[in-house]
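**Q** Just one file: entry_13.pdb, with PDB, C-alpha atoms, pLDDT in the B column.
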```pdb
ATOM      1  CA  MET A  28       2.375  -4.328 -16.510  1.00 50.00           C
ATOM      2  CA  PRO A  29       4.000  -7.313 -14.753  1.00 60.00           C
ATOM      3  CA  LEU A  30       4.070 -10.566 -16.678  1.00 54.00           C
ATOM      4  CA  LEU A  31       2.950 -13.981 -15.459  1.00 56.00           C
ATOM      5  CA  VAL A  32       5.521 -16.424 -16.812  1.00 55.00           C
ATOM      6  CA  LYS A  33       6.576 -20.000 -16.133  1.00 58.00           C
ATOM      7  CA  ASP A  34       9.105 -19.617 -13.325  1.00 76.00           C
ATOM      8  CA  ILE A  35       9.110 -16.017 -12.054  1.00 79.00           C
ATOM      9  CA  LEU A  36       6.928 -12.933 -11.837  1.00 83.00           C
ATOM     10  CA  GLU A  37       8.542 -10.357 -14.113  1.00 80.00           C
ATOM     11  CA  GLY A  38       8.226  -6.578 -14.117  1.00 82.00           C
ATOM     12  CA  LEU A  39       7.045  -5.963 -10.550  1.00 85.00           C
ATOM     13  CA  ASP A  40       8.940  -3.037  -9.015  1.00 86.00           C
ATOM     14  CA  ARG A  41       8.447  -4.061  -5.378  1.00 88.00           C
ATOM     15  CA  CYS A  42       7.184  -7.004  -3.353  1.00 91.00           C
ATOM     16  CA  PRO A  43       3.571  -6.320  -2.259  1.00 91.00           C
ATOM     17  CA  HIS A  44       4.476  -7.521   1.255  1.00 89.00           C
ATOM     18  CA  CYS A  45       7.983  -6.351   2.210  1.00 87.00           C
ATOM     19  CA  HIS A  46       8.300  -3.718  -0.567  1.00 86.00           C
ATOM     20  CA  VAL A  47      11.889  -4.670  -1.363  1.00 86.00           C
ATOM     21  CA  ALA A  48      12.939  -3.260  -4.743  1.00 85.00           C
ATOM     22  CA  MET A  49      13.209  -5.567  -7.772  1.00 88.00           C
ATOM     23  CA  PRO A  50      12.010  -8.661  -5.879  1.00 90.00           C
ATOM     24  CA  LEU A  51      12.737 -12.199  -6.947  1.00 91.00           C
ATOM     25  CA  LEU A  52       9.293 -13.827  -6.974  1.00 92.00           C
ATOM     26  CA  THR A  53       9.516 -17.529  -7.794  1.00 92.00           C
ATOM     27  CA  GLN A  54       6.488 -19.478  -8.984  1.00 89.00           C
ATOM     28  CA  MET A  55       5.220 -22.072  -6.504  1.00 91.00           C
ATOM     29  CA  TRP A  56       1.937 -23.104  -8.182  1.00 89.00           C
ATOM     30  CA  THR A  57      -0.066 -22.377 -11.315  1.00 84.00           C
ATOM     31  CA  ASN A  58      -3.320 -23.498 -12.891  1.00 84.00           C
ATOM     32  CA  THR A  59      -5.852 -22.494 -15.522  1.00 81.00           C
ATOM     33  CA  LEU A  60      -9.453 -22.395 -14.343  1.00 79.00           C
ATOM     34  CA  ARG A  61     -12.905 -21.642 -15.585  1.00 76.00           C
ATOM     35  CA  VAL A  62     -14.577 -19.049 -13.375  1.00 72.00           C
ATOM     36  CA  GLN A  63     -18.338 -18.741 -13.120  1.00 75.00           C
ATOM     37  CA  GLY A  64     -19.616 -15.661 -14.934  1.00 71.00           C
ATOM     38  CA  ILE A  65     -16.429 -15.180 -16.991  1.00 70.00           C
ATOM     39  CA  PRO A  66     -16.453 -16.750 -20.483  1.00 69.00           C
ATOM     40  CA  GLU A  67     -12.686 -16.802 -20.918  1.00 76.00           C
ATOM     41  CA  ALA A  68     -10.463 -19.152 -18.937  1.00 79.00           C
ATOM     42  CA  ARG A  69      -8.351 -17.520 -16.242  1.00 83.00           C
ATOM     43  CA  MET A  70      -4.736 -18.269 -15.402  1.00 83.00           C
ATOM     44  CA  TYR A  71      -3.625 -18.128 -11.771  1.00 87.00           C
ATOM     45  CA  ALA A  72      -0.165 -18.458 -10.274  1.00 88.00           C
ATOM     46  CA  VAL A  73       1.319 -18.128  -6.784  1.00 92.00           C
ATOM     47  CA  TYR A  74       4.796 -16.657  -6.271  1.00 93.00           C
ATOM     48  CA  GLN A  75       7.083 -16.538  -3.232  1.00 95.00           C
ATOM     49  CA  CYS A  76       9.350 -13.582  -2.428  1.00 94.00           C
ATOM     50  CA  SER A  77      12.975 -14.566  -1.829  1.00 94.00           C
ATOM     51  CA  ARG A  78      13.303 -11.918   0.898  1.00 90.00           C
ATOM     52  CA  CYS A  79      10.194 -12.194   3.063  1.00 91.00           C
ATOM     53  CA  SER A  80       8.977 -15.655   1.891  1.00 94.00           C
ATOM     54  CA  ARG A  81       5.388 -14.418   1.691  1.00 94.00           C
ATOM     55  CA  LEU A  82       3.115 -15.369  -1.194  1.00 95.00           C
ATOM     56  CA  THR A  83       1.558 -13.278  -3.937  1.00 94.00           C
ATOM     57  CA  MET A  84      -1.127 -14.562  -6.306  1.00 92.00           C
ATOM     58  CA  ALA A  85      -1.422 -13.280  -9.868  1.00 89.00           C
ATOM     59  CA  GLU A  86      -4.403 -13.497 -12.200  1.00 88.00           C
ATOM     60  CA  ALA A  87      -4.400 -13.116 -15.969  1.00 84.00           C
ATOM     61  CA  ALA A  88      -6.437 -14.081 -18.999  1.00 80.00           C
ATOM     62  CA  ALA A  89      -5.320 -17.494 -20.197  1.00 76.00           C
ATOM     63  CA  LYS A  90      -4.151 -17.796 -23.782  1.00 65.00           C
ATOM     64  CA  PRO A  91      -4.798 -20.765 -26.094  1.00 56.00           C
ATOM     65  CA  PHE A  92      -1.835 -22.594 -27.586  1.00 49.00           C
ATOM     66  CA  GLY A  93      -1.720 -25.004 -30.489  1.00 45.00           C
ATOM     67  CA  THR A  94      -4.347 -26.096 -32.973  1.00 44.00           C
ATOM     68  CA  ASP A  95      -6.374 -27.990 -30.373  1.00 45.00           C
ATOM     69  CA  GLY A  96      -7.100 -24.745 -28.492  1.00 43.00           C
ATOM     70  CA  ARG A  97      -6.088 -26.212 -25.147  1.00 48.00           C
ATOM     71  CA  PHE A  98      -4.679 -23.947 -22.448  1.00 47.00           C
ATOM     72  CA  LYS A  99      -1.186 -24.586 -21.167  1.00 53.00           C
ATOM     73  CA  PRO A 100      -0.562 -22.521 -17.991  1.00 51.00           C
ATOM     74  CA  GLY A 101       2.806 -20.886 -17.445  1.00 49.00           C
ATOM     75  CA  VAL A 102       4.216 -21.329 -20.963  1.00 49.00           C
ATOM     76  CA  ALA A 103       3.996 -17.903 -22.584  1.00 53.00           C
ATOM     77  CA  PRO A 104       3.986 -14.489 -20.875  1.00 55.00           C
ATOM     78  CA  ASN A 105       0.556 -13.229 -19.846  1.00 66.00           C
ATOM     79  CA  GLU A 106      -0.034  -9.638 -18.814  1.00 77.00           C
ATOM     80  CA  ILE A 107      -1.244  -9.648 -15.224  1.00 81.00           C
ATOM     81  CA  GLU A 108      -4.609  -8.040 -14.574  1.00 83.00           C
ATOM     82  CA  THR A 109      -4.761  -8.429 -10.791  1.00 87.00           C
ATOM     83  CA  LEU A 110      -2.359  -9.154  -7.942  1.00 90.00           C
ATOM     84  CA  TYR A 111      -3.362 -10.403  -4.487  1.00 92.00           C
ATOM     85  CA  PRO A 112      -2.433  -8.500  -2.417  1.00 91.00           C
ATOM     86  CA  LYS A 113      -2.299  -5.436  -4.621  1.00 87.00           C
ATOM     87  CA  PRO A 114       0.936  -3.427  -4.412  1.00 85.00           C
ATOM     88  CA  ALA A 115       0.612  -0.423  -2.116  1.00 83.00           C
ATOM     89  CA  SER A 116       0.012   2.886  -3.856  1.00 85.00           C
ATOM     90  CA  VAL A 117      -0.381   6.538  -2.901  1.00 91.00           C
ATOM     91  CA  ASP A 118      -3.505   8.429  -3.943  1.00 91.00           C
ATOM     92  CA  SER A 119      -3.035  11.558  -6.030  1.00 92.00           C
ATOM     93  CA  SER A 120      -5.644  13.377  -3.925  1.00 93.00           C
ATOM     94  CA  LEU A 121      -3.106  13.791  -1.113  1.00 95.00           C
ATOM     95  CA  PRO A 122      -0.945  16.930  -0.825  1.00 95.00           C
ATOM     96  CA  GLU A 123       2.244  16.604  -2.874  1.00 96.00           C
ATOM     97  CA  ASP A 124       4.540  16.506   0.164  1.00 96.00           C
ATOM     98  CA  ALA A 125       2.394  13.847   1.817  1.00 96.00           C
ATOM     99  CA  GLN A 126       2.428  11.781  -1.381  1.00 96.00           C
ATOM    100  CA  ARG A 127       6.215  11.906  -1.521  1.00 96.00           C
ATOM    101  CA  TYR A 128       6.684  10.983   2.128  1.00 96.00           C
ATOM    102  CA  LEU A 129       4.130   8.173   2.053  1.00 95.00           C
ATOM    103  CA  LYS A 130       5.715   6.682  -1.055  1.00 93.00           C
ATOM    104  CA  GLN A 131       9.082   6.627   0.714  1.00 94.00           C
ATOM    105  CA  ALA A 132       7.501   5.160   3.857  1.00 94.00           C
ATOM    106  CA  ILE A 133       6.098   2.286   1.781  1.00 92.00           C
ATOM    107  CA  GLU A 134       9.386   1.703  -0.015  1.00 89.00           C
ATOM    108  CA  THR A 135      11.390   1.560   3.246  1.00 91.00           C
ATOM    109  CA  VAL A 136       9.021  -0.409   5.485  1.00 88.00           C
ATOM    110  CA  PHE A 137      11.668  -3.152   5.725  1.00 85.00           C
ATOM    111  CA  ALA A 138      13.964  -0.423   7.185  1.00 89.00           C
ATOM    112  CA  PRO A 139      11.744   0.636  10.137  1.00 91.00           C
ATOM    113  CA  ASP A 140      13.707   3.712  11.274  1.00 91.00           C
ATOM    114  CA  ALA A 141      13.445   5.347   7.862  1.00 92.00           C
ATOM    115  CA  SER A 142       9.842   4.280   7.307  1.00 93.00           C
ATOM    116  CA  VAL A 143       8.617   5.674  10.644  1.00 94.00           C
ATOM    117  CA  VAL A 144      10.258   9.038   9.939  1.00 93.00           C
ATOM    118  CA  MET A 145       8.670   9.205   6.481  1.00 95.00           C
ATOM    119  CA  SER A 146       5.210   8.226   7.784  1.00 95.00           C
ATOM    120  CA  ALA A 147       5.458  10.860  10.505  1.00 94.00           C
ATOM    121  CA  SER A 148       6.532  13.403   7.904  1.00 95.00           C
ATOM    122  CA  ALA A 149       3.483  12.515   5.815  1.00 96.00           C
ATOM    123  CA  VAL A 150       1.207  13.063   8.817  1.00 96.00           C
ATOM    124  CA  ASP A 151       2.955  16.369   9.486  1.00 95.00           C
ATOM    125  CA  ALA A 152       2.374  17.475   5.876  1.00 96.00           C
ATOM    126  CA  MET A 153      -1.325  16.559   6.043  1.00 97.00           C
ATOM    127  CA  LEU A 154      -1.861  18.457   9.288  1.00 97.00           C
ATOM    128  CA  LYS A 155      -0.092  21.518   7.898  1.00 96.00           C
ATOM    129  CA  GLU A 156      -2.311  21.386   4.821  1.00 96.00           C
ATOM    130  CA  LYS A 157      -5.300  21.599   7.184  1.00 96.00           C
ATOM    131  CA  GLY A 158      -3.795  24.590   9.009  1.00 96.00           C
ATOM    132  CA  TYR A 159      -2.274  22.846  12.040  1.00 96.00           C
ATOM    133  CA  LEU A 160       1.255  24.247  12.003  1.00 95.00           C
ATOM    134  CA  GLN A 161       2.522  24.448  15.581  1.00 92.00           C
ATOM    135  CA  GLY A 162       3.298  21.845  18.223  1.00 92.00           C
ATOM    136  CA  SER A 163       4.034  18.136  18.161  1.00 91.00           C
ATOM    137  CA  LEU A 164       2.173  15.729  15.926  1.00 92.00           C
ATOM    138  CA  TYR A 165       0.214  14.416  18.900  1.00 93.00           C
ATOM    139  CA  SER A 166      -0.802  17.879  20.112  1.00 94.00           C
ATOM    140  CA  ARG A 167      -1.941  18.904  16.637  1.00 95.00           C
ATOM    141  CA  ILE A 168      -3.906  15.685  16.215  1.00 95.00           C
ATOM    142  CA  ASP A 169      -5.547  16.269  19.598  1.00 95.00           C
ATOM    143  CA  GLN A 170      -6.463  19.789  18.511  1.00 96.00           C
ATOM    144  CA  ALA A 171      -7.897  18.476  15.242  1.00 96.00           C
ATOM    145  CA  VAL A 172     -10.063  16.084  17.280  1.00 96.00           C
ATOM    146  CA  LYS A 173     -11.273  18.993  19.446  1.00 96.00           C
ATOM    147  CA  ASP A 174     -12.061  20.938  16.270  1.00 96.00           C
ATOM    148  CA  HIS A 175     -14.004  17.914  14.928  1.00 95.00           C
ATOM    149  CA  ILE A 176     -11.683  17.631  11.939  1.00 95.00           C
ATOM    150  CA  LEU A 177     -10.758  14.146  13.157  1.00 95.00           C
ATOM    151  CA  THR A 178     -12.802  11.637  15.109  1.00 94.00           C
ATOM    152  CA  GLU A 179     -11.967  10.612  18.657  1.00 95.00           C
ATOM    153  CA  GLY A 180     -11.132   7.193  17.295  1.00 95.00           C
ATOM    154  CA  MET A 181      -8.493   8.643  14.997  1.00 95.00           C
ATOM    155  CA  GLY A 182      -7.008  10.508  17.958  1.00 95.00           C
ATOM    156  CA  LYS A 183      -6.860   7.350  20.071  1.00 95.00           C
ATOM    157  CA  TRP A 184      -5.317   5.418  17.194  1.00 95.00           C
ATOM    158  CA  ALA A 185      -2.600   8.052  16.817  1.00 94.00           C
ATOM    159  CA  HIS A 186      -1.607   7.587  20.459  1.00 92.00           C
ATOM    160  CA  LYS A 187      -1.475   3.797  20.059  1.00 91.00           C
ATOM    161  CA  VAL A 188       1.175   3.782  17.332  1.00 91.00           C
ATOM    162  CA  ARG A 189       4.772   4.988  17.446  1.00 84.00           C
ATOM    163  CA  LEU A 190       4.011   8.171  15.574  1.00 82.00           C
ATOM    164  CA  ASP A 191       6.573  10.356  17.338  1.00 70.00           C
ATOM    165  CA  ALA A 192       9.714  10.059  15.201  1.00 60.00           C
ATOM    166  CA  ASN A 193      11.952  11.820  17.737  1.00 57.00           C
ATOM    167  CA  ALA A 194      13.143   8.468  19.078  1.00 57.00           C
ATOM    168  CA  VAL A 195      14.353   7.613  15.601  1.00 56.00           C
ATOM    169  CA  ARG A 196      16.000  10.951  14.870  1.00 53.00           C
ATOM    170  CA  HIS A 197      17.926  11.110  18.168  1.00 53.00           C
ATOM    171  CA  SER A 198      20.378   8.249  18.456  1.00 53.00           C
ATOM    172  CA  ASP A 199      21.060   8.843  22.164  1.00 50.00           C
ATOM    173  CA  THR A 200      17.496   8.051  23.237  1.00 54.00           C
ATOM    174  CA  ALA A 201      16.822   5.141  25.567  1.00 60.00           C
ATOM    175  CA  VAL A 202      13.616   4.248  23.724  1.00 66.00           C
ATOM    176  CA  ALA A 203      13.715   0.940  21.849  1.00 77.00           C
ATOM    177  CA  ARG A 204      14.145   1.216  18.107  1.00 83.00           C
ATOM    178  CA  PRO A 205      11.000   0.651  16.044  1.00 87.00           C
ATOM    179  CA  SER A 206      10.391  -2.777  14.570  1.00 90.00           C
ATOM    180  CA  GLU A 207       9.016  -3.559  11.127  1.00 88.00           C
ATOM    181  CA  ARG A 208       5.661  -4.163  12.836  1.00 91.00           C
ATOM    182  CA  ASP A 209       5.837  -0.653  14.332  1.00 92.00           C
ATOM    183  CA  ALA A 210       6.659   0.791  10.915  1.00 92.00           C
ATOM    184  CA  ARG A 211       3.673  -0.954   9.333  1.00 91.00           C
ATOM    185  CA  GLN A 212       1.340   0.299  12.057  1.00 94.00           C
ATOM    186  CA  VAL A 213       2.491   3.896  11.647  1.00 95.00           C
ATOM    187  CA  LEU A 214       2.230   3.599   7.862  1.00 94.00           C
ATOM    188  CA  GLU A 215      -1.299   2.210   8.168  1.00 94.00           C
ATOM    189  CA  PHE A 216      -2.294   5.134  10.367  1.00 96.00           C
ATOM    190  CA  ALA A 217      -0.734   7.693   8.000  1.00 96.00           C
ATOM    191  CA  SER A 218      -2.484   6.112   5.023  1.00 94.00           C
ATOM    192  CA  ALA A 219      -5.830   6.044   6.841  1.00 94.00           C
ATOM    193  CA  LEU A 220      -5.394   9.677   7.876  1.00 96.00           C
ATOM    194  CA  GLY A 221      -4.832  10.609   4.244  1.00 95.00           C
ATOM    195  CA  ASP A 222      -7.936   8.702   3.213  1.00 94.00           C
ATOM    196  CA  PHE A 223      -9.993  10.365   5.946  1.00 94.00           C
ATOM    197  CA  LEU A 224      -8.818  13.932   5.330  1.00 94.00           C
ATOM    198  CA  PHE A 225      -8.370  14.001   1.556  1.00 94.00           C
ATOM    199  CA  VAL A 226      -9.148  10.863  -0.461  1.00 92.00           C
ATOM    200  CA  PHE A 227     -12.729  10.255   0.669  1.00 91.00           C
ATOM    201  CA  THR A 228     -13.572  13.931   0.212  1.00 87.00           C
ATOM    202  CA  ALA A 229     -12.150  13.885  -3.306  1.00 86.00           C
ATOM    203  CA  ARG A 230     -14.170  10.764  -4.161  1.00 85.00           C
ATOM    204  CA  VAL A 231     -17.362  12.344  -2.842  1.00 86.00           C
ATOM    205  CA  ASP A 232     -16.725  15.453  -4.932  1.00 82.00           C
ATOM    206  CA  GLU A 233     -16.126  13.295  -8.024  1.00 84.00           C
ATOM    207  CA  GLY A 234     -19.309  11.347  -7.328  1.00 84.00           C
ATOM    208  CA  ILE A 235     -21.343  14.526  -7.053  1.00 82.00           C
ATOM    209  CA  LYS A 236     -19.935  15.836 -10.341  1.00 83.00           C
ATOM    210  CA  GLU A 237     -20.681  12.563 -12.116  1.00 82.00           C
ATOM    211  CA  ALA A 238     -24.233  12.502 -10.731  1.00 81.00           C
ATOM    212  CA  GLU A 239     -24.845  16.094 -11.795  1.00 82.00           C
ATOM    213  CA  GLY A 240     -23.594  15.299 -15.267  1.00 74.00           C
ATOM    214  CA  GLU A 241     -26.067  12.460 -15.799  1.00 57.00           C
TER     215      GLU A 241
END
```
Take the structure in the file and write it out as structure tokens.

**A**
Amino acid sequence: MPLLVKDILEGLDRCPHCHVAMPLLTQMWTNTLRVQGIPEARMYAVYQCSRCSRLTMAEAAAKPFGTDGRFKPGVAPNEIETLYPKPASVDSSLPEDAQRYLKQAIETVFAPDASVVMSASAVDAMLKEKGYLQGSLYSRIDQAVKDHILTEGMGKWAHKVRLDANAVRHSDTAVARPSERDARQVLEFASALGDFLFVFTARVDEGIKEAEGE
């Protein structure tokens, strides 16, 4: 687990915002607080990424130091329990190919061309898993909407983002290159599609099994 220390956030593989590898997250603020409903004091700290300049807040259980039992924030390492925002992750309920592509899309979101291709590949893998093998991504999504596998809203959303990766793969195209904002939008759609088609269903199945076991 990452460690909350005096000057930097240690052990975090990627920035929760820009996803750059091995980020330098410098502490900007820290404090130890008593939170209603929690008997132990909590330590909070805010860190800034050297690449994207965005802020991440960490929370950990505060540790007492010295014979007086007083809390001194930011002195000794504390294992982080929660990060805000939480680092992006890929659910194991997704097909293996989709998991791999989505993970790469997250890791390369600061490189929009690569991220868009990986997000589109994840969508392609999900549609193939559901039996939609032929045609463009858009045509297969439209067919899934007609078959009531996807909602009309999901179909409209697909047409609003830059899901077609052809413009990225073909360097001679006149279409403008995707921006980081485009990459994030496509990634958000791909992640939501995975939740809709696979993750929610898996959670429902788990809930039913747990309820039957009670």

**Q** Return the single residue from A:Glu239, A:Asp34, A:Asp191, A:Glu123 that is closest to Thr53 of chain A, with distances computed using all atoms listed in the file.

**A** A:Asp34

**Q** Counting all atoms listed in the file, what is within 7 Å of Met49 of chain A, bar same-chain residues fewer than 4 positions away, as a short mmCIF file (atom, residue, chain, number, x, y, z; two decimals) with C-alpha atoms, in the frame of the given file?

**A**
```cif
data_model
loop_
_atom_site.label_atom_id
_atom_site.label_comp_id
_atom_site.auth_asym_id
_atom_site.auth_seq_id
_atom_site.Cartn_x
_atom_site.Cartn_y
_atom_site.Cartn_z
CA LEU A 39 7.04 -5.96 -10.55
CA ASP A 40 8.94 -3.04 -9.02
CA ARG A 41 8.45 -4.06 -5.38
#
```

**Q** Under the rule that all atoms listed in the file are counted, which of A:Phe137, A:Phe216, A:Tyr128, A:Tyr111 is the nearest residue to Arg78 of chain A?

**A**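 Looking at the shortest contact to Arg78 of chain A, the residue is A:Phe137.
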
**Q** Can you work out which one of A:Thr83, A:Gln75, A:Gln63, A:Thr135 has the shortest atom-to-atom distance to Lys113 of chain A, counting only C-alpha atoms?

**A**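 Counting only C-alpha atoms, the residue closest to Lys113 of chain A is A:Thr83.
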
**Q** Can you work out the spacing between atom CA of Pro139 of chain A and atom CA of Ile176 of chain A in Å, to one decimal?

**A** 29.0 Å

**Q** What's the 8 Å shell around His46 of chain A, counting all atoms listed in the file, without same-chain residues fewer than 2 positions away, as a count of residues only?

**A** 10

**Q** Once the PyMOL selection byres ((chain A and resi 147) around 10) has been applied to the shown file, what residues remain in the selection, as a compact mmCIF listing (two decimals) with C-alpha atoms, in the coordinates of the input?

**A**
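part_8.txt, written as the output of this step:
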```txt
# COMPACT_ATOMS: atom_id res chain seq x y z
CA ALA A 125 2.39 13.85 1.82
CA TYR A 128 6.68 10.98 2.13
CA LEU A 129 4.13 8.17 2.05
CA ALA A 132 7.50 5.16 3.86
CA SER A 142 9.84 4.28 7.31
CA VAL A 143 8.62 5.67 10.64
CA VAL A 144 10.26 9.04 9.94
CA MET A 145 8.67 9.20 6.48
CA SER A 146 5.21 8.23 7.78
CA SER A 148 6.53 13.40 7.90
CA ALA A 149 3.48 12.52 5.82
CA VAL A 150 1.21 13.06 8.82
CA ASP A 151 2.96 16.37 9.49
CA ALA A 152 2.37 17.48 5.88
CA MET A 153 -1.32 16.56 6.04
CA LEU A 164 2.17 15.73 15.93
CA ARG A 189 4.77 4.99 17.45
CA LEU A 190 4.01 8.17 15.57
CA ASP A 191 6.57 10.36 17.34
CA ALA A 192 9.71 10.06 15.20
CA ASN A 193 11.95 11.82 17.74
CA VAL A 213 2.49 3.90 11.65
CA LEU A 214 2.23 3.60 7.86
CA PHE A 216 -2.29 5.13 10.37
CA ALA A 217 -0.73 7.69 8.00
```

**Q** If you count all atoms listed in the file, which residues fall within 10 Å of Ala171 of chain A, apart from same-chain ones fewer than 6 positions away, as a VMD selection string?

**A** chain A and resid 154 157 to 159 165 177 to 179 181 to 182

**Q** Grab the atom CA of Ser166 of chain A to atom CA of Gly180 of chain A distance for me, in Å with one decimal place.

**A**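 Separating atom CA of Ser166 of chain A from atom CA of Gly180 of chain A is a distance of 15.1 Å.
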
**Q** Could you list the residues chosen by the PyMOL selection byres ((chain A and resi 82) around 9) in this structure as a PyMOL selection string?

**A** chain A and resi 44+52+55+73-76+79-81+83-84+111-112

**Q** Interatomic distance between atom CA of Gln170 of chain A and atom CA of Trp184 of chain A?

**A**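 Value for the atom CA of Gln170 of chain A-atom CA of Trp184 of chain A distance: 14.5 Å.
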